[in-house]
Amino acid sequence: MTLRVTFLGTSGAVPTVKRAPSAVHVNRKGESLLFDWGGGTQRQMMRFGTGFDVSHLFVTHLHGDHVLGIPGLVQSMGFNDREAGLAIHGPPGTRRELQSLVHAGGTTPSFPVRIIENEPDTVALSGEGFEVRTFATEHRTTAVGYALVEDDRKGRFDRQRAEEELGIPPGPKYGRLHDGEPVEHDGRVIQPEAVVGDPRPGRTVVYTGDTRPVAATESVADGADLLIHDATFVDEAVDRARSTGHATAREAGEIAARAGVRHLALTHVSSRYAGRTHELVAEAEAVFDGAVTLPDDGDEIEVSFQS
């Protein structure tokens, strides 16, 4: 089952020739979700082939490098005769500003647009087999992060035990057992746990947006498959990171290590490190033993199941 993350914009507040402002696209089983919507995102979507069929946009905060792509993309969707609705999720207290962005230039979308405010620690979206949950972050304005958390999967079905030890031939009873239903066979009632293992976890992708390292990120990212974390600065600029509400690559690595994530992706890279991004990766790798990536715009990560 597809869970593909495409990095459409990985720069800090100032874009560069190679990095656009913040935007992350997630394709889960054909459902298209967008996290932040910086300027030029619609061109990045065309360039990297994600398509425009976005059903939900999740905004972490209202700084321009995370939202100024909204007016253009909404208008382009209208020009393309979109009829399906669009839900724009934002932190508490952001409805009016988000509505202004949707209607910028005096235009009214030709399709339904819903603005939804989400408090931290709530479910922003309950989808088929997954949720998108909010968590508290720490920036210079009201901000939240988002975690896409899949439902647990069924345990593995032990066909060999079912067939050879319990004498159940392949057929409909296998499906009923795997669905958690006891079956009768040769005068015995076979319980599902006799042939079905423990539930297996789904996948988790966490996106912080702009933030200082906070306990809430560590908690929601516990055991996550992919953590996409603010890594605006190198560690020697930690005072600057603190004063601007950002994180260093080392701090992002420390959060990933404490949370036990599988893969850390560093993003929101300051333009001052153009050509020096290896320094950020090295700092994170010094404190985190898992995989570390600093993606370029257009890079993709296919998130696999752990077992």
# chains A, B, ... in the order shown; residues from 1 in each chain; ligands from 1
call {"tool": "residues_around", "arguments": {"residues": "Glu251 (chain A)", "least_positions_apart": "3", "cutoff": "8 Å", "atoms": "only C-alpha atoms", "output": "compact mmCIF listing (two decimals) with N, CA and C atoms, in the first residue's frame"}}
result
# COMPACT_ATOMS: atom_id res chain seq x y z
N PRO A 213 12.74 22.24 19.45
CA PRO A 213 12.53 20.86 19.89
C PRO A 213 11.62 20.84 21.12
N ALA A 231 15.10 21.87 10.73
CA ALA A 231 16.55 21.84 10.95
C ALA A 231 17.15 23.07 10.26
N ASP A 235 24.47 23.73 14.70
CA ASP A 235 24.40 23.87 16.14
C ASP A 235 25.15 25.10 16.66
N ALA A 247 14.88 25.00 15.11
CA ALA A 247 15.73 23.95 15.68
C ALA A 247 17.01 23.85 14.87
N THR A 248 18.03 23.32 15.49
CA THR A 248 19.26 22.97 14.77
C THR A 248 19.17 21.51 14.33
N GLU A 254 18.59 14.72 18.08
CA GLU A 254 18.37 14.31 19.47
C GLU A 254 16.91 13.91 19.70
N ILE A 255 15.98 14.67 19.14
CA ILE A 255 14.56 14.30 19.23
C ILE A 255 14.33 12.94 18.58
N ALA A 284 23.26 15.81 12.71
CA ALA A 284 22.18 14.91 13.11
C ALA A 284 22.69 13.48 13.27
call {"tool": "closest_residue", "arguments": {"among": "A:Met46, A:Ala241, A:Leu33, A:Val14", "to": "Asp65 (chain A)", "atoms": "only C-alpha atoms"}}
result
A:Val14
call {"tool": "select_by_dssp", "arguments": {"residues": "region 17-195 of chain A", "states": "helix (DSSP H, G or I)", "output": "MDAnalysis selection string"}}
result
chainID A and resid 41:48 64:67 70:79 95:102 104:106 159:165 172:178 192:194
call {"tool": "atom_distance", "arguments": {"atom1": "CA of Gly197 (chain A)", "atom2": "CA of Asp222 (chain A)"}}
result
22.8 Å
call {"tool": "select_by_dssp", "arguments": {"residues": "region 71-237 of chain A", "states": "strand (DSSP E or B)", "output": "VMD selection string"}}
result
chain A and resid 86 to 90 113 to 117 123 to 127 130 to 136 144 to 150 153 157 183 to 185 188 to 190 196 200 204 to 207 226 to 230 233
call {"tool": "residues_around", "arguments": {"residues": "Ala221 (chain A)", "least_positions_apart": "5", "cutoff": "7 Å", "atoms": "only C-alpha atoms", "output": "PyMOL selection string"}}
result
chain A and resi 206+227+259+261
call {"tool": "residues_around", "arguments": {"residues": "Val54 (chain A)", "least_positions_apart": "6", "cutoff": "12 Å", "atoms": "only C-alpha atoms", "output": "PyMOL selection string"}}
result
chain A and resi 24-28+30-35+37+42+45+73-74+77+82-88+113
call {"tool": "residues_around", "arguments": {"residues": "Gly12 (chain A)", "least_positions_apart": "5", "cutoff": "8 Å", "atoms": "only C-alpha atoms", "output": "PyMOL selection string"}}
result
chain A and resi 21-22+65+232+267-271
call {"tool": "closest_residue", "arguments": {"among": "A:Tyr174, A:Ser304, A:Asp299, A:Arg153", "to": "Ala224 (chain A)", "atoms": "only C-alpha atoms"}}
result
A:Ser304
call {"tool": "closest_residue", "arguments": {"among": "A:Ala124, A:Leu68, A:Ala215, A:Leu62", "to": "Ala104 (chain A)", "atoms": "only C-alpha atoms"}}
result
A:Leu68
call {"tool": "residues_around", "arguments": {"residues": "region 186-195 of chain A", "least_positions_apart": "3", "cutoff": "10 Å", "atoms": "only C-alpha atoms", "output": "ChimeraX atom specification"}}
result
/A:155-163,166-168,173-174,176-183,198
call {"tool": "decode", "arguments": {"residues": "region 177-243 of chain A", "atoms": "C-alpha atoms", "output": "PDB file, in the first residue's frame"}}
result
ATOM      1  CA  LEU A 177     -10.387 -16.488  11.290  1.00  0.00           C
ATOM      2  CA  HIS A 178      -8.176 -13.712   9.956  1.00  0.00           C
ATOM      3  CA  ASP A 179     -11.079 -11.299  10.475  1.00  0.00           C
ATOM      4  CA  GLY A 180     -11.255 -12.307  14.153  1.00  0.00           C
ATOM      5  CA  GLU A 181     -14.203 -14.692  13.948  1.00  0.00           C
ATOM      6  CA  PRO A 182     -14.120 -18.159  15.566  1.00  0.00           C
ATOM      7  CA  VAL A 183     -15.011 -21.082  13.288  1.00  0.00           C
ATOM      8  CA  GLU A 184     -16.244 -24.613  13.881  1.00  0.00           C
ATOM      9  CA  HIS A 185     -14.218 -27.450  12.392  1.00  0.00           C
ATOM     10  CA  ASP A 186     -14.546 -31.189  13.021  1.00  0.00           C
ATOM     11  CA  GLY A 187     -16.658 -30.557  16.108  1.00  0.00           C
ATOM     12  CA  ARG A 188     -14.199 -28.036  17.556  1.00  0.00           C
ATOM     13  CA  VAL A 189     -14.419 -24.284  17.864  1.00  0.00           C
ATOM     14  CA  ILE A 190     -11.195 -22.724  16.613  1.00  0.00           C
ATOM     15  CA  GLN A 191     -10.443 -19.303  18.060  1.00  0.00           C
ATOM     16  CA  PRO A 192      -8.701 -16.720  15.821  1.00  0.00           C
ATOM     17  CA  GLU A 193      -5.732 -16.394  18.186  1.00  0.00           C
ATOM     18  CA  ALA A 194      -4.848 -20.020  17.458  1.00  0.00           C
ATOM     19  CA  VAL A 195      -3.711 -19.069  13.950  1.00  0.00           C
ATOM     20  CA  VAL A 196      -3.483 -15.259  13.892  1.00  0.00           C
ATOM     21  CA  GLY A 197      -0.579 -13.371  15.450  1.00  0.00           C
ATOM     22  CA  ASP A 198      -0.657 -10.080  17.321  1.00  0.00           C
ATOM     23  CA  PRO A 199      -1.778  -6.944  15.426  1.00  0.00           C
ATOM     24  CA  ARG A 200       1.039  -5.250  13.541  1.00  0.00           C
ATOM     25  CA  PRO A 201       1.518  -1.494  13.633  1.00  0.00           C
ATOM     26  CA  GLY A 202       0.684   0.686  10.678  1.00  0.00           C
ATOM     27  CA  ARG A 203       3.015   3.438   9.542  1.00  0.00           C
ATOM     28  CA  THR A 204       3.503   6.864  11.122  1.00  0.00           C
ATOM     29  CA  VAL A 205       4.782  10.029   9.442  1.00  0.00           C
ATOM     30  CA  VAL A 206       5.325  13.139  11.596  1.00  0.00           C
ATOM     31  CA  TYR A 207       5.749  16.671  10.216  1.00  0.00           C
ATOM     32  CA  THR A 208       6.692  19.410  12.676  1.00  0.00           C
ATOM     33  CA  GLY A 209       6.683  22.546  10.569  1.00  0.00           C
ATOM     34  CA  ASP A 210       8.760  25.313  12.175  1.00  0.00           C
ATOM     35  CA  THR A 211       9.484  24.590  15.822  1.00  0.00           C
ATOM     36  CA  ARG A 212      11.897  24.424  18.668  1.00  0.00           C
ATOM     37  CA  PRO A 213      12.528  20.860  19.888  1.00  0.00           C
ATOM     38  CA  VAL A 214       9.571  20.037  22.162  1.00  0.00           C
ATOM     39  CA  ALA A 215       8.395  17.079  24.225  1.00  0.00           C
ATOM     40  CA  ALA A 216       5.172  16.841  22.218  1.00  0.00           C
ATOM     41  CA  THR A 217       7.133  15.987  19.074  1.00  0.00           C
ATOM     42  CA  GLU A 218       9.073  13.318  20.917  1.00  0.00           C
ATOM     43  CA  SER A 219       5.836  11.824  22.245  1.00  0.00           C
ATOM     44  CA  VAL A 220       3.884  11.737  18.982  1.00  0.00           C
ATOM     45  CA  ALA A 221       6.940  10.493  17.048  1.00  0.00           C
ATOM     46  CA  ASP A 222       7.582   7.561  19.409  1.00  0.00           C
ATOM     47  CA  GLY A 223       8.612   4.720  17.090  1.00  0.00           C
ATOM     48  CA  ALA A 224       7.595   6.678  13.972  1.00  0.00           C
ATOM     49  CA  ASP A 225       8.682   5.500  10.549  1.00  0.00           C
ATOM     50  CA  LEU A 226       9.499   9.016   9.329  1.00  0.00           C
ATOM     51  CA  LEU A 227      10.029  12.251  11.259  1.00  0.00           C
ATOM     52  CA  ILE A 228      10.242  15.418   9.142  1.00  0.00           C
ATOM     53  CA  HIS A 229      11.750  17.991  11.484  1.00  0.00           C
ATOM     54  CA  ASP A 230      12.763  21.629  11.324  1.00  0.00           C
ATOM     55  CA  ALA A 231      16.554  21.839  10.952  1.00  0.00           C
ATOM     56  CA  THR A 232      17.035  25.468  10.008  1.00  0.00           C
ATOM     57  CA  PHE A 233      20.491  25.961  11.540  1.00  0.00           C
ATOM     58  CA  VAL A 234      23.728  24.226  12.447  1.00  0.00           C
ATOM     59  CA  ASP A 235      24.404  23.875  16.143  1.00  0.00           C
ATOM     60  CA  GLU A 236      26.830  26.779  16.424  1.00  0.00           C
ATOM     61  CA  ALA A 237      23.823  29.010  15.626  1.00  0.00           C
ATOM     62  CA  VAL A 238      21.693  27.535  18.413  1.00  0.00           C
ATOM     63  CA  ASP A 239      21.155  30.968  19.983  1.00  0.00           C
ATOM     64  CA  ARG A 240      19.734  32.168  16.692  1.00  0.00           C
ATOM     65  CA  ALA A 241      17.534  29.065  16.539  1.00  0.00           C
ATOM     66  CA  ARG A 242      16.179  29.791  20.013  1.00  0.00           C
ATOM     67  CA  SER A 243      15.450  33.446  19.285  1.00  0.00           C
TER      68      SER A 243
END
